[in-house]
Amino acid sequence: MDLLYGVFVGPFRDMVTAPTFLAEVLIGGVAAGLMYSLVALGFVLIFKASGVFNFAQGVMVLFAALTLVGLMERGVPMVVALALTIGVMVALAFAIERVVLRPLVNQEHIILFMATIGLNFFLEGLGEMVWGANVKKLDIGIPDESFTVAGILINKLEMTAAATAAVLVGVLAVFFQRTKIGRALRAVADDHEAALSLGIPLRTIWVVVWSVAGIVAIVAGIMWGAKSGVQFSLSLIALKALPVLILGGFTSVPGAIVGGLIIGTGEKIGEVYWGPLVGGAIENWFAYVVALAFLLVRPQGLFGEKIIERV
Amino acid sequence: MIYREAGQFKTSYAADQAVFPIVQDRVVVAAFLVLAFVLPPAVASEYWLQAVLIPFLVYAMAAVGLNLLTGYAGQVSLGTGGFMAVGAYAAFKLTTAFPGLSIPVVFVLAGVMAAAVGIVFGLPSLRIKGFYLAVATLAAQFFLIWLFNKVAWFVNYASSGTITAPPRTVLGVMVTGPEASAAARYVVALALVVVFSVVAKNLVRGRVGRSWMAIRDRDIAAEIIGVRPLRTKLLAFAISSFYCGIAGSMLVFLFLGSAETQAFDINQSFLVLFMVIIGGLGSILGSFLGAAFIILMPIFLTNAPHWLGLDVSVALQKQVELMIFGGLILFFLIVEPHGLARLWQIAKEKLRRWPFPH
């Protein structure tokens, strides 16, 4: 009886009796969700354009943040450091296309996936060797403090992250819908061969996509780094972005955002209201179980393309 | 090979379908097996047994299991670590609850337990496939590890949260626990691996393996010719988890001696997946080659600077190791995406014609 009460009545009673607390939990969840979305976006961009499931996205976030912090620690002004970091990520995109993707054209998806895991290890080692493995503080001039609106605590940094994510999605949407390269990218995503026959250079497109994913990684790296310091564990947030991906669909930019929000809020609410029942720390797997349950109903995710199979 | 199969005529279907149709192959394999059982316990040092040979056997077992699922049935799984944990904790609970139970029986029962869990987490594979499935199996990984961390019953309420292999004997020889010699543990591990590799090899040659491959190559077509996807996929998950479960119990009982849930984390899943891919998807031999490669490489990389007379700090060495590890994986995938098993096949084909290639 206690258990049934704890599962079905207690949490809802708590939510109704303390609405401000619920609002705070929700806002925290939305903020965390947007952070996941930022990482998930990088995955989606690459998967859409090249069909590569880029496991190294998490490490790219870490690598970008490490490069930025490393440059700033050596006295480079923030704007210059940012420009240099973008340069590094673009160079990385060129290198990845030349060394990894080009020799592996036409291989099975699982082989390319494994290649990105190899890349993951390589970049992790490289980043730590060049910039050192200790935790670094990234100061972007926004204090990690809170203010209250209508009795609800709101964190400045989280709000900035949310706003940044929104702007980034807007810019990406314009880039995809309105520019010539964006149109080419969508063409490649739809059909490689048709795009090639129309004279769209596949290699250039790949470099562009990996560069854009690298820049998204910089933004995600700055936000995560400002929140919790630049350290090795940043590369693990890639794992947090995976349920977001399966929820939103691998090929959908809006899906990444909505999926992130659902996972972020669901995870926080689950942890706060139902977590104590089973001893807490359910954040690690809760998102996966939510995503899994969802997949059983809708296998292609929220916004993914419907999978039609023929013999 | 250097020898030819000329003059060896097959006069029965049984002879035609043998695993090793050529008599020389049979002799070489038999000799190799005898050597594997006799030589290392007699000659190899404690270090070689403990640091190289035993972990190789444990991971080869896990790699065979994952290869059945990923290489033959085509279902990518990232939950290997979780299934290994199920085997390890099941073996621990079984042997502490029933101290009289013989250790090989405990291992097999632990495998059965893991198979049951594998079926549960294999259920989504009926609806989802490819990368979606790979990510879904991560749910198994995280959930199982969390479960074993949280529920004290699994560790018999030990405050340290570790499971320890209790001393048990087979035929009067101590094989688990702190008293057991490395040689005894090696022989037990080798026996298990040999028996279950033979089973795996015969599984994939028969009806079961063919239905797995049909599902892997084109599932809808397979369904139309009468392969039942539900049964086939769940069977693949069950048998694969059975192998991983045994590997997990071997990891604790024969290799580490005691372990926490950390020993089964996500890195373990990736490590086994690496072995399968580098060794060769869809090849039992490949699982062994991959396991040997992944076990030997870090040892080689740790010792290489000493041989070259270089003095590097531990941190730098760790980072360089990561880079070389990642680089080698990329290199292998680019040079031979079908793995070491394919390289072995090519070498065999070349040697067969040597010295006249045409």
# chains A, B, ... in the order shown; residues from 1 in each chain; ligands from 1

$ residues_around --residues "Gly42 of chain A" --least-positions-apart "6" --cutoff "7 Å" --atoms "only C-alpha atoms" --output "list in words"
Gln57, Ala213, Val216 and Ala217 of chain A

$ residues_around --residues "Asn54 of chain A" --least-positions-apart "6" --cutoff "8 Å" --atoms "only C-alpha atoms" --output "PDB file with C-alpha atoms, in the first residue's frame"
ATOM      1  CA  PHE A  43      25.191  14.100 -33.824  1.00  0.00           C
ATOM      2  CA  ILE A  46      26.607  14.556 -39.151  1.00  0.00           C
ATOM      3  CA  PHE A  47      24.158  11.674 -39.275  1.00  0.00           C
ATOM      4  CA  PHE A 113      30.628   3.866 -36.235  1.00  0.00           C
ATOM      5  CA  THR A 116      34.413   7.212 -34.819  1.00  0.00           C
ATOM      6  CA  ILE A 117      34.993   5.307 -31.583  1.00  0.00           C
TER       7      ILE A 117
END

$ interface_residues --of "chain B" --to "chain A" --cutoff "9 Å" --atoms "only C-alpha atoms" --output "VMD selection string"
chain B and resid 76 124 126 to 132 135 to 143 146 150 to 151 218 to 221 270 273 to 274 277 315 to 316 318 to 331 333 to 335 337 to 338

$ select_by_dssp --residues "segment 139-328 of chain B" --states "strand (DSSP E)" --output "PyMOL selection string"
chain B and resi 163-164+168-170+173-176+258-259

$ residues_around --residues "Gly122 of chain B" --least-positions-apart "4" --cutoff "12 Å" --atoms "only C-alpha atoms" --output "VMD selection string"
(chain A and resid 292) or (chain B and resid 69 75 to 79 83 114 to 118 126 to 129 133 to 134 136 to 140 229 to 241)

$ write_last_selection --atoms "N, CA and C atoms" --output "compact mmCIF listing (two decimals), in the first residue's frame"
# COMPACT_ATOMS: atom_id res chain seq x y z
N LEU A 292 13.55 4.07 -24.45
CA LEU A 292 13.27 2.70 -24.87
C LEU A 292 11.76 2.46 -24.92
N LEU B 69 25.97 -12.58 -31.54
CA LEU B 69 24.85 -11.64 -31.62
C LEU B 69 25.07 -10.61 -32.71
N GLN B 75 22.70 -7.99 -34.69
CA GLN B 75 22.11 -7.07 -33.73
C GLN B 75 23.23 -6.42 -32.91
N VAL B 76 23.47 -5.13 -33.13
CA VAL B 76 24.56 -4.47 -32.42
C VAL B 76 24.18 -4.29 -30.96
N SER B 77 25.07 -4.69 -30.08
CA SER B 77 24.78 -4.56 -28.65
C SER B 77 25.90 -3.82 -27.94
N LEU B 78 25.53 -2.86 -27.10
CA LEU B 78 26.51 -2.17 -26.26
C LEU B 78 26.28 -2.53 -24.80
N GLY B 79 25.55 -3.63 -24.56
CA GLY B 79 25.23 -4.00 -23.19
C GLY B 79 26.05 -5.16 -22.66
N PHE B 83 25.60 -7.65 -19.20
CA PHE B 83 25.31 -9.09 -19.19
C PHE B 83 26.43 -9.86 -18.49
N ALA B 114 22.08 -15.10 -17.04
CA ALA B 114 22.37 -13.99 -17.95
C ALA B 114 21.53 -14.11 -19.22
N ALA B 115 21.33 -15.35 -19.69
CA ALA B 115 20.53 -15.55 -20.90
C ALA B 115 19.11 -15.05 -20.68
N ALA B 116 18.56 -15.34 -19.48
CA ALA B 116 17.19 -14.89 -19.18
C ALA B 116 17.11 -13.37 -19.22
N VAL B 117 18.12 -12.71 -18.61
CA VAL B 117 18.13 -11.24 -18.63
C VAL B 117 18.31 -10.74 -20.07
N GLY B 118 19.15 -11.45 -20.83
CA GLY B 118 19.38 -11.07 -22.22
C GLY B 118 18.10 -11.09 -23.04
N LEU B 126 12.83 -6.49 -31.61
CA LEU B 126 11.78 -6.87 -32.55
C LEU B 126 11.21 -5.64 -33.23
N ARG B 127 11.28 -4.50 -32.53
CA ARG B 127 10.69 -3.29 -33.09
C ARG B 127 11.75 -2.38 -33.69
N ILE B 128 12.92 -2.37 -33.12
CA ILE B 128 13.91 -1.38 -33.55
C ILE B 128 15.19 -2.10 -33.97
N LYS B 129 15.95 -1.44 -34.84
CA LYS B 129 17.17 -2.09 -35.32
C LYS B 129 18.27 -1.07 -35.55
N LEU B 133 18.85 0.33 -31.91
CA LEU B 133 18.97 -0.83 -31.02
C LEU B 133 20.24 -0.73 -30.19
N ALA B 134 21.33 -0.31 -30.84
CA ALA B 134 22.60 -0.19 -30.11
C ALA B 134 22.44 0.73 -28.91
N ALA B 136 19.61 1.46 -27.49
CA ALA B 136 18.66 0.87 -26.55
C ALA B 136 19.34 -0.14 -25.63
N THR B 137 20.35 -0.87 -26.16
CA THR B 137 21.03 -1.84 -25.31
C THR B 137 21.86 -1.15 -24.23
N LEU B 138 22.18 0.14 -24.45
CA LEU B 138 22.87 0.89 -23.40
C LEU B 138 21.99 0.97 -22.16
N ALA B 139 20.65 0.95 -22.35
CA ALA B 139 19.75 0.96 -21.21
C ALA B 139 20.04 -0.24 -20.32
N ALA B 140 20.27 -1.41 -20.95
CA ALA B 140 20.59 -2.61 -20.18
C ALA B 140 21.87 -2.38 -19.38
N PRO B 229 11.37 -14.23 -37.00
CA PRO B 229 12.25 -13.21 -36.44
C PRO B 229 12.22 -13.19 -34.91
N LEU B 230 11.03 -13.35 -34.32
CA LEU B 230 10.91 -13.29 -32.87
C LEU B 230 11.83 -14.33 -32.21
N ARG B 231 11.62 -15.60 -32.62
CA ARG B 231 12.40 -16.67 -32.01
C ARG B 231 13.88 -16.50 -32.30
N THR B 232 14.20 -16.17 -33.54
CA THR B 232 15.60 -16.13 -33.95
C THR B 232 16.36 -15.04 -33.21
N LYS B 233 15.77 -13.84 -33.18
CA LYS B 233 16.47 -12.74 -32.52
C LYS B 233 16.60 -12.98 -31.02
N LEU B 234 15.52 -13.45 -30.40
CA LEU B 234 15.60 -13.68 -28.96
C LEU B 234 16.58 -14.80 -28.64
N LEU B 235 16.63 -15.81 -29.50
CA LEU B 235 17.59 -16.89 -29.29
C LEU B 235 19.02 -16.35 -29.38
N ALA B 236 19.24 -15.46 -30.34
CA ALA B 236 20.57 -14.85 -30.47
C ALA B 236 20.92 -14.08 -29.21
N PHE B 237 19.97 -13.28 -28.71
CA PHE B 237 20.23 -12.53 -27.48
C PHE B 237 20.49 -13.47 -26.32
N ALA B 238 19.69 -14.55 -26.23
CA ALA B 238 19.83 -15.48 -25.11
C ALA B 238 21.19 -16.15 -25.14
N ILE B 239 21.57 -16.70 -26.29
CA ILE B 239 22.83 -17.45 -26.35
C ILE B 239 24.02 -16.53 -26.19
N SER B 240 23.94 -15.34 -26.82
CA SER B 240 25.02 -14.38 -26.66
C SER B 240 25.18 -13.99 -25.19
N SER B 241 24.07 -13.72 -24.51
CA SER B 241 24.15 -13.34 -23.10
C SER B 241 24.65 -14.50 -22.25

$ atom_distance --atom1 "atom CA of Ser228 of chain A" --atom2 "atom CA of Val272 of chain A"
20.7 Å

$ residues_around --residues "segment 194-198 of chain A" --least-positions-apart "6" --cutoff "9 Å" --atoms "only C-alpha atoms" --output "list of chain:residue names"
A:Ala184, A:Ala187, A:Val188

$ write_last_selection --atoms "C-alpha atoms" --output "PDB file, in the first residue's frame"
ATOM      1  CA  ALA A 184      23.218  21.179 -50.933  1.00  0.00           C
ATOM      2  CA  ALA A 187      20.141  17.293 -50.954  1.00  0.00           C
ATOM      3  CA  VAL A 188      23.011  15.066 -49.818  1.00  0.00           C
TER       4      VAL A 188
END

$ select_by_dssp --residues "segment 94-174 of chain B" --states "helix (DSSP H, G or I)" --output "PyMOL selection string"
chain B and resi 94-97+103-126+131-150+152-155

$ residues_around --residues "Leu271 of chain B" --least-positions-apart "4" --cutoff "8 Å" --atoms "only C-alpha atoms" --output "list in words"
Asn267, Met275 and Ile294 of chain B

$ write_last_selection --atoms "C-alpha atoms" --output "mmCIF file, in the first residue's frame"
data_model
loop_
_atom_site.group_PDB
_atom_site.id
_atom_site.type_symbol
_atom_site.label_atom_id
_atom_site.label_comp_id
_atom_site.auth_asym_id
_atom_site.auth_seq_id
_atom_site.Cartn_x
_atom_site.Cartn_y
_atom_site.Cartn_z
ATOM 1 C CA ASN B 267 34.188 0.607 -21.287
ATOM 2 C CA MET B 275 37.651 -7.248 -30.160
ATOM 3 C CA ILE B 294 43.309 -6.033 -27.576
#

$ residues_around --residues "Arg203 of chain A" --least-positions-apart "5" --cutoff "10 Å" --atoms "only C-alpha atoms" --output "ChimeraX atom specification"
/A:94,97-98,101-102,208-209

$ write_last_selection --atoms "N, CA and C atoms" --output "CSV table (one decimal), in the first residue's frame"
chain,number,residue,atom,x,y,z
A,94,PHE,N,38.6,18.8,-41.8
A,94,PHE,CA,39.4,18.5,-43.0
A,94,PHE,C,40.2,17.2,-42.8
A,97,GLU,N,37.9,14.1,-42.7
A,97,GLU,CA,37.4,13.8,-44.0
A,97,GLU,C,38.5,13.0,-44.8
A,98,ARG,N,39.7,13.6,-44.7
A,98,ARG,CA,40.8,13.0,-45.6
A,98,ARG,C,41.3,11.7,-45.0
A,101,LEU,N,37.2,9.4,-43.3
A,101,LEU,CA,36.0,9.1,-44.1
A,101,LEU,C,36.3,8.7,-45.5
A,102,ARG,N,37.3,9.4,-46.1
A,102,ARG,CA,37.5,9.1,-47.6
A,102,ARG,C,37.9,7.6,-47.8
A,208,VAL,N,32.2,20.5,-44.7
A,208,VAL,CA,31.3,21.6,-44.1
A,208,VAL,C,30.5,21.0,-42.9
A,209,VAL,N,29.9,19.8,-43.1
A,209,VAL,CA,29.1,19.3,-42.0
A,209,VAL,C,29.9,19.0,-40.7
